[in-house]
Amino acid sequence: MGSTSPVVVATSSAAAVARRQIPFGRPMIGEAEREAVLRVLSGSTLTHGPLVRQFESAFAQFTGAPHAVAVSNCTAALHLALLALGLNHGDEVIVPAQTHVATAHAVELCGARCVFVDSEPITGNVDPDAVEAALNNRTRGIAIVHYLGVPADVLHLREMAREYNLFLVEDCALALGTRMAGVHAGLHGDVGCFSFYPVKHMTTAEGGMIATRHARLAEEVSRTRAFGIDRNIVSQRQLPGMYDVQQLGFNYRMNELSAALGIEQLKRLPEFLAARRHNFTRLRHALAEIEHVSVLPSEVAGGESSYYCLQLLLDDVLRPRRDRIIEQLAAAGVGTSIYYPRPVPEMDYYRSHYPTRPGAFPVAARLSHQSIALPVAPHVSDEDVDYMAAALRQVISKELGS
Ligand SMILES: *Cc1c(COP(=O)(O)O)cnc(C)c1O
């Protein structure tokens with residue numbers, strides 16, 4: 001690799017502008033969040049308190065979920081959800097090749113097997129025809145991701161799940177604010193799992209949420225997130241420290257500090273989502289005339305995206321230069337990311353557990369190797385958007401030697 005001399009970014013008027021520093025993600029923590037966390041610290045209840053329940057109700061209200069159960073992160077949410085749906089050793093679950101490893105790990109953690117399927121090329125979401133082709137008599141369910149917050153074809157997948165008597169789990173880690181046919185992501189299938197990791201749409205530092213239409217499933221995950229302790233016995237117990245346990249469980253609870261953050265962040269979520277949409281639209285416009293790149297569309301019929309990022313796709317001319325372009329953008333102060341660096345079945349762990357033939361997931365591989373994710377989160381200003389577009393234009397023309 002040659003050296004990457006810093007790009008001096010020029011605006012359209014050709015005047016060099018001051019270098020900016022635009023991280024891919026930055027948590028939007030304000031005074032209200034700081035005060036809420038300090039209030040918890042000034043009290044004596046750090047866990048098992050009222051704020052987790054309050055956060056759950058507020059989240060249920062925002063999404064329209066009949067039941068919401070807060071947990072320690074989205075991976076824990078997926079794990080608890082799959083166990084509650086009865087996933088067992090030897091069972092199979094359809095999993096997209098192009099997703100965060102957490103979707104697949106949760107299946108593995110239950111002792112079940114992933115059957116990976118490729119994406120459809122327009123949105124990067126799982127291809128329902130590929131899902132149907134992968135079903136067999138060991139298939140128990142379908143786990144999908146709403147790739148980058150663009151709604152997957154959940155109406156079709158839900159029908160398929162019904163027809164074959166399978167469960168449908170939605171990994172909604174990037175899909176807070178995503179809707180299809182007016183219904184929030186996570187509520188089409190049996191369970192939706194959300195993440196509040198710092199770069200997501202809102203944060204609790206670490207945190208997750210399980211949203212579901214099924215009361216029994218919500219009760220089950222409420223128990224298994226806390227050792228499997230029987231809740232009724234806890235509330236009825238006469239002596240401190242007395243309880244009974246009827247099943248295996250985890251310690252996957254959310255704490256009160258995280259819930260306090262979550263309650264404040266949720267109040268700002270509509271504003272965060274509007275900012276993402278605005279930034280996405282402005283950036284897509286600004287990039288429209290750059291050759292050799294295209295933008296993965298964020299609009300699908302009947303759906304609303306959560307605009308997690310703007311996914312650039314490089315053509316075959318620029319493909320070999322993808323990593324150099326990322327390095328030069330970083331040198332110009334533009335933070336980027338890759339979703340995801342390899343198709344999950346091509347990650348070492350999965351390659352050693354699941355023999356797959358090379359090139360088995362061409363769409364997922366193209367997304368892994370030819371894409372660059374640009375930030376559109378609320379920390380990004382209009383000036384940042386214009387700067388990113390100018391920087392990209394310059395980096396690309398430098399790479400093409402023009
Ligand atoms: C971030 C992410 C996860 C993991 O979320 P955690 O809260 O960090 O466990 C899972 N799935 C997808 C699609 C993600 O983007």
# chains A, B, ... in the order shown; residues from 1 in each chain; ligands from 1

$ residues_near_ligand --ligand "ligand 1" --cutoff "6 Å" --atoms "only C-alpha atoms and all ligand atoms" --output "number ranges by chain"
A: 73-75, 99-100, 102-103, 145, 171, 173-174, 195-197, 207-208

$ write_last_selection --atoms "N, CA, C and O atoms" --output "PDB file, in the first residue's frame"
ATOM      1  N   ASN A  73     -28.068  -6.361  26.993  1.00  0.00           N
ATOM      2  CA  ASN A  73     -27.640  -5.986  25.640  1.00  0.00           C
ATOM      3  C   ASN A  73     -28.482  -6.758  24.628  1.00  0.00           C
ATOM      4  O   ASN A  73     -29.290  -7.619  25.009  1.00  0.00           O
ATOM      5  N   CYS A  74     -28.293  -6.474  23.353  1.00  0.00           N
ATOM      6  CA  CYS A  74     -29.115  -7.111  22.316  1.00  0.00           C
ATOM      7  C   CYS A  74     -28.755  -8.585  22.131  1.00  0.00           C
ATOM      8  O   CYS A  74     -29.622  -9.408  21.822  1.00  0.00           O
ATOM      9  N   THR A  75     -27.496  -8.928  22.321  1.00  0.00           N
ATOM     10  CA  THR A  75     -27.092 -10.329  22.175  1.00  0.00           C
ATOM     11  C   THR A  75     -27.792 -11.175  23.239  1.00  0.00           C
ATOM     12  O   THR A  75     -28.284 -12.279  22.947  1.00  0.00           O
ATOM     13  N   THR A  99     -25.077 -10.170   8.465  1.00  0.00           N
ATOM     14  CA  THR A  99     -25.605  -9.597   9.703  1.00  0.00           C
ATOM     15  C   THR A  99     -24.467  -9.491  10.712  1.00  0.00           C
ATOM     16  O   THR A  99     -23.345  -9.918  10.442  1.00  0.00           O
ATOM     17  N   HIS A 100     -24.768  -8.920  11.865  1.00  0.00           N
ATOM     18  CA  HIS A 100     -23.824  -8.913  12.990  1.00  0.00           C
ATOM     19  C   HIS A 100     -23.702 -10.353  13.494  1.00  0.00           C
ATOM     20  O   HIS A 100     -24.697 -11.087  13.488  1.00  0.00           O
ATOM     21  N   ALA A 102     -23.821 -11.434  16.266  1.00  0.00           N
ATOM     22  CA  ALA A 102     -24.710 -11.703  17.402  1.00  0.00           C
ATOM     23  C   ALA A 102     -25.936 -12.514  16.984  1.00  0.00           C
ATOM     24  O   ALA A 102     -26.389 -13.378  17.745  1.00  0.00           O
ATOM     25  N   THR A 103     -26.472 -12.254  15.792  1.00  0.00           N
ATOM     26  CA  THR A 103     -27.664 -12.988  15.337  1.00  0.00           C
ATOM     27  C   THR A 103     -27.355 -14.484  15.270  1.00  0.00           C
ATOM     28  O   THR A 103     -28.158 -15.316  15.695  1.00  0.00           O
ATOM     29  N   VAL A 145     -32.388  -9.890  10.172  1.00  0.00           N
ATOM     30  CA  VAL A 145     -31.926  -8.585  10.631  1.00  0.00           C
ATOM     31  C   VAL A 145     -32.547  -7.561   9.693  1.00  0.00           C
ATOM     32  O   VAL A 145     -32.762  -7.846   8.510  1.00  0.00           O
ATOM     33  N   ASP A 171     -33.904  -9.276  14.503  1.00  0.00           N
ATOM     34  CA  ASP A 171     -32.794  -8.540  15.102  1.00  0.00           C
ATOM     35  C   ASP A 171     -32.970  -7.075  14.688  1.00  0.00           C
ATOM     36  O   ASP A 171     -32.750  -6.708  13.532  1.00  0.00           O
ATOM     37  N   ALA A 173     -31.429  -4.444  16.122  1.00  0.00           N
ATOM     38  CA  ALA A 173     -30.367  -3.637  16.742  1.00  0.00           C
ATOM     39  C   ALA A 173     -30.147  -2.312  16.013  1.00  0.00           C
ATOM     40  O   ALA A 173     -29.725  -1.332  16.613  1.00  0.00           O
ATOM     41  N   LEU A 174     -30.417  -2.301  14.695  1.00  0.00           N
ATOM     42  CA  LEU A 174     -30.253  -1.062  13.924  1.00  0.00           C
ATOM     43  C   LEU A 174     -31.603  -0.540  13.455  1.00  0.00           C
ATOM     44  O   LEU A 174     -31.675   0.275  12.529  1.00  0.00           O
ATOM     45  N   SER A 195     -30.933  -2.941  20.500  1.00  0.00           N
ATOM     46  CA  SER A 195     -29.646  -2.655  21.140  1.00  0.00           C
ATOM     47  C   SER A 195     -29.543  -1.181  21.497  1.00  0.00           C
ATOM     48  O   SER A 195     -29.964  -0.322  20.724  1.00  0.00           O
ATOM     49  N   PHE A 196     -28.938  -0.907  22.652  1.00  0.00           N
ATOM     50  CA  PHE A 196     -28.664   0.482  23.053  1.00  0.00           C
ATOM     51  C   PHE A 196     -27.167   0.698  23.235  1.00  0.00           C
ATOM     52  O   PHE A 196     -26.723   1.472  24.091  1.00  0.00           O
ATOM     53  N   TYR A 197     -26.386  -0.011  22.457  1.00  0.00           N
ATOM     54  CA  TYR A 197     -24.936   0.172  22.382  1.00  0.00           C
ATOM     55  C   TYR A 197     -24.663   1.607  21.897  1.00  0.00           C
ATOM     56  O   TYR A 197     -25.482   2.172  21.166  1.00  0.00           O
ATOM     57  N   GLY A 207     -27.001  -2.068  26.645  1.00  0.00           N
ATOM     58  CA  GLY A 207     -28.393  -2.343  26.979  1.00  0.00           C
ATOM     59  C   GLY A 207     -29.130  -2.942  25.807  1.00  0.00           C
ATOM     60  O   GLY A 207     -28.688  -2.848  24.662  1.00  0.00           O
ATOM     61  N   GLY A 208     -30.247  -3.571  26.112  1.00  0.00           N
ATOM     62  CA  GLY A 208     -31.065  -4.169  25.061  1.00  0.00           C
ATOM     63  C   GLY A 208     -32.508  -4.252  25.500  1.00  0.00           C
ATOM     64  O   GLY A 208     -32.829  -4.003  26.667  1.00  0.00           O
TER      65      GLY A 208
END

$ residues_around --residues "range 122-139 of chain A" --least-positions-apart "2" --cutoff "7 Å" --atoms "only C-alpha atoms" --output "number ranges by chain"
A: 91-94, 96, 117-120, 141, 144, 146-147, 152, 157, 296-297

$ closest_residue --among "A:Val300, A:Ala211, A:Ala106, A:Met202" --to "Glu56 in chain A" --atoms "only C-alpha atoms"
A:Ala211

$ residues_around --residues "Ser371 in chain A" --least-positions-apart "6" --cutoff "7 Å" --atoms "only C-alpha atoms" --output "list in words"
Gln311, Leu312, Leu313, Leu314 and Ile338 of chain A

$ closest_residue --among "A:Phe116, A:Ser337, A:Gln328, A:Tyr350" --to "Lys398 in chain A" --atoms "only C-alpha atoms"
A:Gln328

$ closest_residue --among "A:Ala112, A:Leu266, A:Leu217, A:Ala391" --to "Leu176 in chain A" --atoms "only C-alpha atoms"
A:Leu266

$ select_by_dssp --residues "range 153-244 of chain A" --states "helix (DSSP H, G or I)" --output "list in words"
Val154, Leu155, His156, Leu157, Arg158, Glu159, Met160, Ala161, Arg162, Glu163, Ala215, Arg216, Leu217, Ala218, Glu219, Glu220, Val221, Ser222, Arg223, Thr224, Arg231, Asn232, Ile233, Val234, Ser235 and Gln236 of chain A

$ atom_distance --atom1 "CA of Arg393 in chain A" --atom2 "CA of Ala331 in chain A"
14.3 Å

$ atom_distance --atom1 "CA of Gly192 in chain A" --atom2 "CA of Ile210 in chain A"
5.8 Å

$ atom_distance --atom1 "CA of Gly333 in chain A" --atom2 "CA of Leu367 in chain A"
23.5 Å

$ closest_residue --among "A:Pro23, A:Gly86, A:Pro198, A:Gly186" --to "Glu220 in chain A" --atoms "only C-alpha atoms"
A:Gly86

$ closest_atom_pairs --of "range 266-349 of chain A" --to "range 382-389 of chain A" --cutoff "8 Å" --atoms "only C-alpha atoms" --output "Markdown table"
| residue | atom | partner | partner_atom | distance |
| --- | --- | --- | --- | --- |
| A:Asn279 | CA | A:Val385 | CA | 6.9 |
| A:Arg282 | CA | A:Val385 | CA | 7.1 |
| A:Leu283 | CA | A:Val385 | CA | 5.7 |
| A:Ala286 | CA | A:Ala389 | CA | 5.9 |
| A:Leu287 | CA | A:Ala389 | CA | 5.9 |
| A:Val334 | CA | A:Met388 | CA | 6.5 |
